[in-house]
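This is work-v8.cif (mmCIF, C-alpha atoms and all ligand atoms).
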```
data_upload
#
loop_
_atom_site.label_atom_id
_atom_site.label_comp_id
_atom_site.auth_asym_id
_atom_site.auth_seq_id
_atom_site.Cartn_x
_atom_site.Cartn_y
_atom_site.Cartn_z
CA MET A 1 -9.79 -7.00 -10.09
CA LYS A 2 -6.00 -6.78 -10.15
CA VAL A 3 -3.91 -4.23 -12.08
CA ILE A 4 -0.12 -4.40 -12.54
CA PHE A 5 1.97 -1.54 -13.95
CA VAL A 6 5.24 -2.56 -15.56
CA CYS A 7 8.44 -0.77 -16.59
CA LEU A 8 12.07 -1.78 -17.09
CA GLY A 9 13.52 -1.30 -13.60
CA ASN A 10 10.38 -0.93 -11.44
CA ILE A 11 12.03 1.94 -9.59
CA CYS A 12 10.86 5.03 -11.54
CA ARG A 13 7.75 4.91 -13.74
CA SER A 14 5.74 1.88 -12.62
CA PRO A 15 6.02 2.46 -8.85
CA MET A 16 4.91 6.06 -9.50
CA ALA A 17 1.95 4.74 -11.53
CA GLU A 18 1.14 2.26 -8.76
CA ALA A 19 1.12 4.95 -6.04
CA MET A 20 -0.94 7.36 -8.16
CA PHE A 21 -3.46 4.69 -9.18
CA TYR A 22 -3.76 3.51 -5.60
CA GLN A 23 -4.69 7.07 -4.61
CA LEU A 24 -7.38 7.08 -7.32
CA LEU A 25 -8.71 3.82 -5.87
CA VAL A 26 -8.75 5.35 -2.38
CA THR A 27 -10.63 8.48 -3.44
CA ASN A 28 -13.11 6.34 -5.40
CA HIS A 29 -13.61 3.88 -2.50
CA LEU A 30 -12.45 0.97 -4.66
CA THR A 31 -9.59 -0.51 -2.60
CA ASP A 32 -11.77 -3.47 -1.56
CA GLN A 33 -12.53 -4.36 -5.16
CA VAL A 34 -9.36 -3.42 -7.02
CA SER A 35 -5.72 -4.04 -6.14
CA VAL A 36 -2.70 -2.47 -7.80
CA SER A 37 0.97 -3.39 -7.87
CA SER A 38 3.97 -2.92 -10.16
CA ARG A 39 6.73 -5.05 -11.65
CA ALA A 40 9.99 -4.89 -13.62
CA THR A 41 10.81 -6.51 -16.94
CA SER A 42 14.44 -6.77 -15.75
CA SER A 43 15.97 -8.04 -12.54
CA GLU A 44 18.59 -5.25 -12.57
CA GLU A 45 17.04 -3.33 -9.65
CA GLU A 46 15.49 -6.29 -7.82
CA GLY A 47 14.90 -5.52 -4.13
CA ASN A 48 15.63 -1.82 -4.50
CA ARG A 49 13.37 0.97 -3.29
CA PRO A 50 11.89 3.46 -5.79
CA HIS A 51 14.38 5.98 -7.20
CA PRO A 52 14.92 9.03 -4.92
CA GLY A 53 13.34 11.20 -7.64
CA THR A 54 10.19 9.08 -7.65
CA ARG A 55 10.08 9.10 -3.85
CA GLN A 56 10.43 12.88 -3.85
CA ILE A 57 7.65 13.52 -6.35
CA LEU A 58 5.36 11.11 -4.51
CA GLU A 59 6.08 12.97 -1.28
CA GLU A 60 5.37 16.32 -2.93
CA HIS A 61 1.96 14.99 -3.93
CA HIS A 62 1.32 13.36 -0.54
CA LEU A 63 1.47 9.88 -2.04
CA ASP A 64 2.95 6.80 -0.44
CA ASP A 65 5.11 4.13 -2.11
CA ARG A 66 3.86 1.63 0.51
CA GLY A 67 7.36 0.25 1.03
CA HIS A 68 7.61 -0.93 -2.56
CA ARG A 69 10.68 -2.91 -3.67
CA SER A 70 11.57 -3.65 -7.30
CA THR A 71 10.16 -7.05 -8.29
CA PRO A 72 10.64 -8.78 -11.65
CA ILE A 73 7.41 -9.90 -13.33
CA LYS A 74 6.91 -13.65 -13.40
CA ARG A 75 4.68 -16.07 -15.26
CA GLN A 76 2.18 -16.38 -12.41
CA ASP A 77 1.53 -12.61 -12.50
CA PHE A 78 -0.06 -13.00 -15.95
CA TYR A 79 -2.60 -15.46 -14.53
CA ASP A 80 -3.22 -13.47 -11.35
CA ALA A 81 -3.74 -10.05 -12.98
CA ASP A 82 -6.64 -8.73 -15.02
CA LEU A 83 -4.65 -5.88 -16.57
CA ILE A 84 -0.91 -5.60 -17.16
CA ILE A 85 0.04 -2.11 -18.31
CA GLY A 86 3.43 -1.31 -19.88
CA MET A 87 5.02 2.16 -19.98
CA ASP A 88 6.79 2.10 -23.36
CA ALA A 89 7.29 0.11 -26.55
CA MET A 90 10.19 -1.89 -25.12
CA ASN A 91 8.08 -2.93 -22.11
CA MET A 92 5.29 -3.93 -24.50
CA ARG A 93 7.59 -6.08 -26.63
CA HIS A 94 8.93 -7.78 -23.54
CA LEU A 95 5.49 -8.37 -22.00
CA ARG A 96 4.02 -9.73 -25.25
CA THR A 97 6.97 -12.08 -25.58
CA ILE A 98 6.66 -13.57 -22.12
CA ALA A 99 2.84 -13.51 -21.70
CA PRO A 100 1.47 -17.06 -21.68
CA LYS A 101 -0.92 -17.98 -24.51
CA GLY A 102 -4.43 -16.97 -23.53
CA GLU A 103 -3.25 -14.12 -21.28
CA GLN A 104 -2.01 -11.83 -24.09
CA ASP A 105 -5.14 -9.64 -24.08
CA LYS A 106 -4.37 -8.50 -20.53
CA VAL A 107 -1.25 -6.71 -21.78
CA ARG A 108 -2.00 -3.08 -22.63
CA ALA A 109 0.02 0.08 -23.25
CA ILE A 110 -0.39 2.93 -20.78
CA ASN A 111 -1.75 5.40 -23.35
CA ASP A 112 -4.08 2.97 -25.15
CA LEU A 113 -7.08 4.87 -23.77
CA THR A 114 -5.69 8.44 -23.67
CA PRO A 115 -7.39 10.46 -26.43
CA GLY A 116 -4.80 11.95 -28.78
CA HIS A 117 -1.87 10.20 -27.06
CA GLN A 118 -2.24 6.57 -28.12
CA GLY A 119 1.11 4.93 -28.74
CA GLU A 120 3.05 7.50 -26.71
CA PRO A 121 5.35 6.25 -23.93
CA ILE A 122 5.52 7.57 -20.39
CA PRO A 123 8.80 9.58 -20.32
CA ASP A 124 11.55 7.62 -18.57
CA PRO A 125 13.14 9.87 -15.92
CA TRP A 126 16.06 7.47 -15.52
CA TYR A 127 17.77 9.37 -18.32
CA THR A 128 16.34 12.89 -17.93
CA LEU A 129 15.69 13.15 -14.16
CA ARG A 130 12.45 14.92 -15.21
CA PHE A 131 10.26 13.13 -12.68
CA ASP A 132 7.62 15.86 -13.02
CA ASP A 133 7.18 14.99 -16.72
CA THR A 134 6.60 11.38 -15.75
CA TYR A 135 4.09 12.41 -13.09
CA ASN A 136 2.19 14.71 -15.46
CA SER A 137 2.07 12.10 -18.19
CA LEU A 138 0.72 9.46 -15.78
CA LYS A 139 -1.74 11.99 -14.34
CA ARG A 140 -3.25 12.30 -17.82
CA SER A 141 -3.46 8.57 -18.59
CA LEU A 142 -4.47 6.95 -15.29
CA PRO A 143 -8.04 8.29 -14.98
CA TYR A 144 -8.92 6.47 -18.21
CA TRP A 145 -7.75 3.19 -16.66
CA LEU A 146 -9.79 3.96 -13.54
CA ASP A 147 -12.90 4.37 -15.72
CA TYR A 148 -12.03 1.17 -17.62
CA VAL A 149 -11.73 -0.78 -14.37
CA LYS A 150 -14.93 0.73 -12.93
CA GLU A 151 -16.91 -0.33 -16.00
CA ARG A 152 -15.76 -3.93 -15.49
CA LEU A 153 -16.61 -4.30 -11.79
CA ASP A 154 -19.81 -6.15 -10.96
P1 LIG B 201 12.14 2.55 -14.75
O1 LIG B 201 13.49 3.36 -14.98
O2 LIG B 201 12.09 1.45 -15.81
O3 LIG B 201 11.06 3.59 -14.98
O4 LIG B 201 12.16 2.02 -13.34
C1 LIG B 201 14.72 2.74 -15.19
C2 LIG B 201 15.38 2.13 -14.13
C3 LIG B 201 16.62 1.54 -14.33
C4 LIG B 201 17.18 1.58 -15.60
C5 LIG B 201 16.52 2.18 -16.64
C6 LIG B 201 15.27 2.76 -16.45
N1 LIG B 201 18.45 1.00 -15.80
O5 LIG B 201 18.97 1.13 -16.92
O6 LIG B 201 19.00 0.37 -14.88
#
```
Could the structure of this file be written out as structure tokens, please?
Ligand code: 4NP
Amino acid sequence: MKVIFVCLGNICRSPMAEAMFYQLLVTNHLTDQVSVSSRATSSEEEGNRPHPGTRQILEEHHLDDRGHRSTPIKRQDFYDADLIIGMDAMNMRHLRTIAPKGEQDKVRAINDLTPGHQGEPIPDPWYTLRFDDTYNSLKRSLPYWLDYVKERLD
């Protein structure tokens, strides 16, 4: 199974989600069965490393960005992935617009499964520099996606 997290620049929120979800896969011994990556809806930051604030918070939590570089999402990603998870309403609009027919159901919002937080975005630290808020918000939502994925493995 393949999971892709998506945000606008792929330097703040989605690489953080990728690194945190990867750690969940490691601790649950699922790295052989599940892969995770992240993508941008824009090409603005293409090739760039995660934002220094994201790198710092990952370091503080002993997480690794695995050399990630910002990569725009492309059509093939929608066929390759099983789940494509956007961070806010703008990401969702973009993803639903570009998803090929038949692949639309793979596109989900990050808090779709978070009790009491459905419809809420992951705070974008690009504007606030509050990378801890982003981390805490992802920390709450990601375990529900881990359970979702686990239930769908054979
Ligand atoms: P991200 O954050 O989508 O979480 O990676 C942003 C990165 C870049 C910009 C905005 C948000 N930007 O405007 O360039």
Once you count only C-alpha atoms and all ligand atoms, what closest atom pair and distance in Å to one decimal does each residue of chain A within 10 Å of ligand LIG 201 (chain B) have, with rows by chain and rising residue number, as JSON lines?
```
{"residue": "A:Val6", "atom": "CA", "partner": "B:LIG201", "partner_atom": "O2", "distance": 7.9}
{"residue": "A:Cys7", "atom": "CA", "partner": "B:LIG201", "partner_atom": "O2", "distance": 4.3}
{"residue": "A:Leu8", "atom": "CA", "partner": "B:LIG201", "partner_atom": "O2", "distance": 3.5}
{"residue": "A:Gly9", "atom": "CA", "partner": "B:LIG201", "partner_atom": "O4", "distance": 3.6}
{"residue": "A:Asn10", "atom": "CA", "partner": "B:LIG201", "partner_atom": "O4", "distance": 3.9}
{"residue": "A:Ile11", "atom": "CA", "partner": "B:LIG201", "partner_atom": "O4", "distance": 3.8}
{"residue": "A:Cys12", "atom": "CA", "partner": "B:LIG201", "partner_atom": "O3", "distance": 3.7}
{"residue": "A:Arg13", "atom": "CA", "partner": "B:LIG201", "partner_atom": "O3", "distance": 3.8}
{"residue": "A:Ser14", "atom": "CA", "partner": "B:LIG201", "partner_atom": "O3", "distance": 6.1}
{"residue": "A:Pro15", "atom": "CA", "partner": "B:LIG201", "partner_atom": "O4", "distance": 7.6}
{"residue": "A:Met16", "atom": "CA", "partner": "B:LIG201", "partner_atom": "O3", "distance": 8.6}
{"residue": "A:Ala17", "atom": "CA", "partner": "B:LIG201", "partner_atom": "O3", "distance": 9.8}
{"residue": "A:Arg39", "atom": "CA", "partner": "B:LIG201", "partner_atom": "O4", "distance": 9.1}
{"residue": "A:Ala40", "atom": "CA", "partner": "B:LIG201", "partner_atom": "O2", "distance": 7.0}
{"residue": "A:Thr41", "atom": "CA", "partner": "B:LIG201", "partner_atom": "O2", "distance": 8.1}
{"residue": "A:Ser42", "atom": "CA", "partner": "B:LIG201", "partner_atom": "O6", "distance": 8.5}
{"residue": "A:Ser43", "atom": "CA", "partner": "B:LIG201", "partner_atom": "O6", "distance": 9.2}
{"residue": "A:Glu44", "atom": "CA", "partner": "B:LIG201", "partner_atom": "O6", "distance": 6.1}
{"residue": "A:Glu45", "atom": "CA", "partner": "B:LIG201", "partner_atom": "O6", "distance": 6.7}
{"residue": "A:Pro50", "atom": "CA", "partner": "B:LIG201", "partner_atom": "O4", "distance": 7.7}
{"residue": "A:His51", "atom": "CA", "partner": "B:LIG201", "partner_atom": "O4", "distance": 7.6}
{"residue": "A:Thr54", "atom": "CA", "partner": "B:LIG201", "partner_atom": "O3", "distance": 9.2}
{"residue": "A:Ser70", "atom": "CA", "partner": "B:LIG201", "partner_atom": "O4", "distance": 8.3}
{"residue": "A:Gly86", "atom": "CA", "partner": "B:LIG201", "partner_atom": "O2", "distance": 10.0}
{"residue": "A:Met87", "atom": "CA", "partner": "B:LIG201", "partner_atom": "O3", "distance": 8.0}
{"residue": "A:Asp88", "atom": "CA", "partner": "B:LIG201", "partner_atom": "O2", "distance": 9.2}
{"residue": "A:Asn91", "atom": "CA", "partner": "B:LIG201", "partner_atom": "O2", "distance": 8.7}
{"residue": "A:Ile122", "atom": "CA", "partner": "B:LIG201", "partner_atom": "O3", "distance": 8.7}
{"residue": "A:Pro123", "atom": "CA", "partner": "B:LIG201", "partner_atom": "O3", "distance": 8.3}
{"residue": "A:Asp124", "atom": "CA", "partner": "B:LIG201", "partner_atom": "O3", "distance": 5.4}
{"residue": "A:Pro125", "atom": "CA", "partner": "B:LIG201", "partner_atom": "O1", "distance": 6.6}
{"residue": "A:Trp126", "atom": "CA", "partner": "B:LIG201", "partner_atom": "C6", "distance": 4.9}
{"residue": "A:Tyr127", "atom": "CA", "partner": "B:LIG201", "partner_atom": "C6", "distance": 7.3}
{"residue": "A:Phe131", "atom": "CA", "partner": "B:LIG201", "partner_atom": "O3", "distance": 9.8}
{"residue": "A:Thr134", "atom": "CA", "partner": "B:LIG201", "partner_atom": "O3", "distance": 9.0}
```
With C-alpha atoms kept, could you save the residues just selected as a PDB file, in the coordinates of the input?
```pdb
ATOM      1  CA  VAL A   6       5.240  -2.560 -15.560  1.00  0.00           C
ATOM      2  CA  CYS A   7       8.440  -0.770 -16.590  1.00  0.00           C
ATOM      3  CA  LEU A   8      12.070  -1.780 -17.090  1.00  0.00           C
ATOM      4  CA  GLY A   9      13.520  -1.300 -13.600  1.00  0.00           C
ATOM      5  CA  ASN A  10      10.380  -0.930 -11.440  1.00  0.00           C
ATOM      6  CA  ILE A  11      12.030   1.940  -9.590  1.00  0.00           C
ATOM      7  CA  CYS A  12      10.860   5.030 -11.540  1.00  0.00           C
ATOM      8  CA  ARG A  13       7.750   4.910 -13.740  1.00  0.00           C
ATOM      9  CA  SER A  14       5.740   1.880 -12.620  1.00  0.00           C
ATOM     10  CA  PRO A  15       6.020   2.460  -8.850  1.00  0.00           C
ATOM     11  CA  MET A  16       4.910   6.060  -9.500  1.00  0.00           C
ATOM     12  CA  ALA A  17       1.950   4.740 -11.530  1.00  0.00           C
ATOM     13  CA  ARG A  39       6.730  -5.050 -11.650  1.00  0.00           C
ATOM     14  CA  ALA A  40       9.990  -4.890 -13.620  1.00  0.00           C
ATOM     15  CA  THR A  41      10.810  -6.510 -16.940  1.00  0.00           C
ATOM     16  CA  SER A  42      14.440  -6.770 -15.750  1.00  0.00           C
ATOM     17  CA  SER A  43      15.970  -8.040 -12.540  1.00  0.00           C
ATOM     18  CA  GLU A  44      18.590  -5.250 -12.570  1.00  0.00           C
ATOM     19  CA  GLU A  45      17.040  -3.330  -9.650  1.00  0.00           C
ATOM     20  CA  PRO A  50      11.890   3.460  -5.790  1.00  0.00           C
ATOM     21  CA  HIS A  51      14.380   5.980  -7.200  1.00  0.00           C
ATOM     22  CA  THR A  54      10.190   9.080  -7.650  1.00  0.00           C
ATOM     23  CA  SER A  70      11.570  -3.650  -7.300  1.00  0.00           C
ATOM     24  CA  GLY A  86       3.430  -1.310 -19.880  1.00  0.00           C
ATOM     25  CA  MET A  87       5.020   2.160 -19.980  1.00  0.00           C
ATOM     26  CA  ASP A  88       6.790   2.100 -23.360  1.00  0.00           C
ATOM     27  CA  ASN A  91       8.080  -2.930 -22.110  1.00  0.00           C
ATOM     28  CA  ILE A 122       5.520   7.570 -20.390  1.00  0.00           C
ATOM     29  CA  PRO A 123       8.800   9.580 -20.320  1.00  0.00           C
ATOM     30  CA  ASP A 124      11.550   7.620 -18.570  1.00  0.00           C
ATOM     31  CA  PRO A 125      13.140   9.870 -15.920  1.00  0.00           C
ATOM     32  CA  TRP A 126      16.060   7.470 -15.520  1.00  0.00           C
ATOM     33  CA  TYR A 127      17.770   9.370 -18.320  1.00  0.00           C
ATOM     34  CA  PHE A 131      10.260  13.130 -12.680  1.00  0.00           C
ATOM     35  CA  THR A 134       6.600  11.380 -15.750  1.00  0.00           C
TER      36      THR A 134
END
```
Given all atoms listed in the file as the counted atoms, nearest of A:Glu59, A:Gln118, A:Arg96, A:Leu146 to Ser35 (chain A):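 For Ser35 (chain A), the nearest of the candidates is A:Leu146.
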d(CA of Val107 (chain A), CA of Phe21 (chain A)) in Å: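 Value for the CA of Val107 (chain A)-CA of Phe21 (chain A) distance: 17.1 Å.
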Pick from A:Glu151, A:Glu120, A:Asp112, A:Asp105 nearest to Met90 (chain A), counting only C-alpha atoms: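 Using only C-alpha atoms, the shortest distance to Met90 (chain A) belongs to A:Glu120.
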Residue list as a list in words for point (9.8, -13.9, -10.0), cut-off 10 Å, all atoms listed in the file: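 Residues with an atom at most 10 Å from (9.8, -13.9, -10.0): Arg39, Ala40, Ser43, Glu46, Thr71, Pro72, Ile73, Lys74, Arg75, Gln76 and Asp77 of chain A.
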Give, as lines of an AutoDock Vina configuration file, the centre coordinates and the x, y and z edge lengths in Å to one decimal for an axis-aligned box around all listed atoms of region 71-75 of chain A, padded by 4 Å on each side.
```
center_x = 7.7
center_y = -11.6
center_z = -11.8
size_x = 14.0
size_y = 17.0
size_z = 15.0
```
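For the pair CA of His61 (chain A) and CA of Asn111 (chain A), the interatomic distance is 22.0 Å.
For Leu63 (chain A), the residues within 9 Å (counting only C-alpha atoms, excluding itself and residues fewer than 6 positions away along the chain) are Ala19, Met20, Tyr22, Gln23, Arg55 and Ile57 of chain A.
Going from CA of Val36 (chain A) to CA of Thr128 (chain A) covers 26.5 Å.
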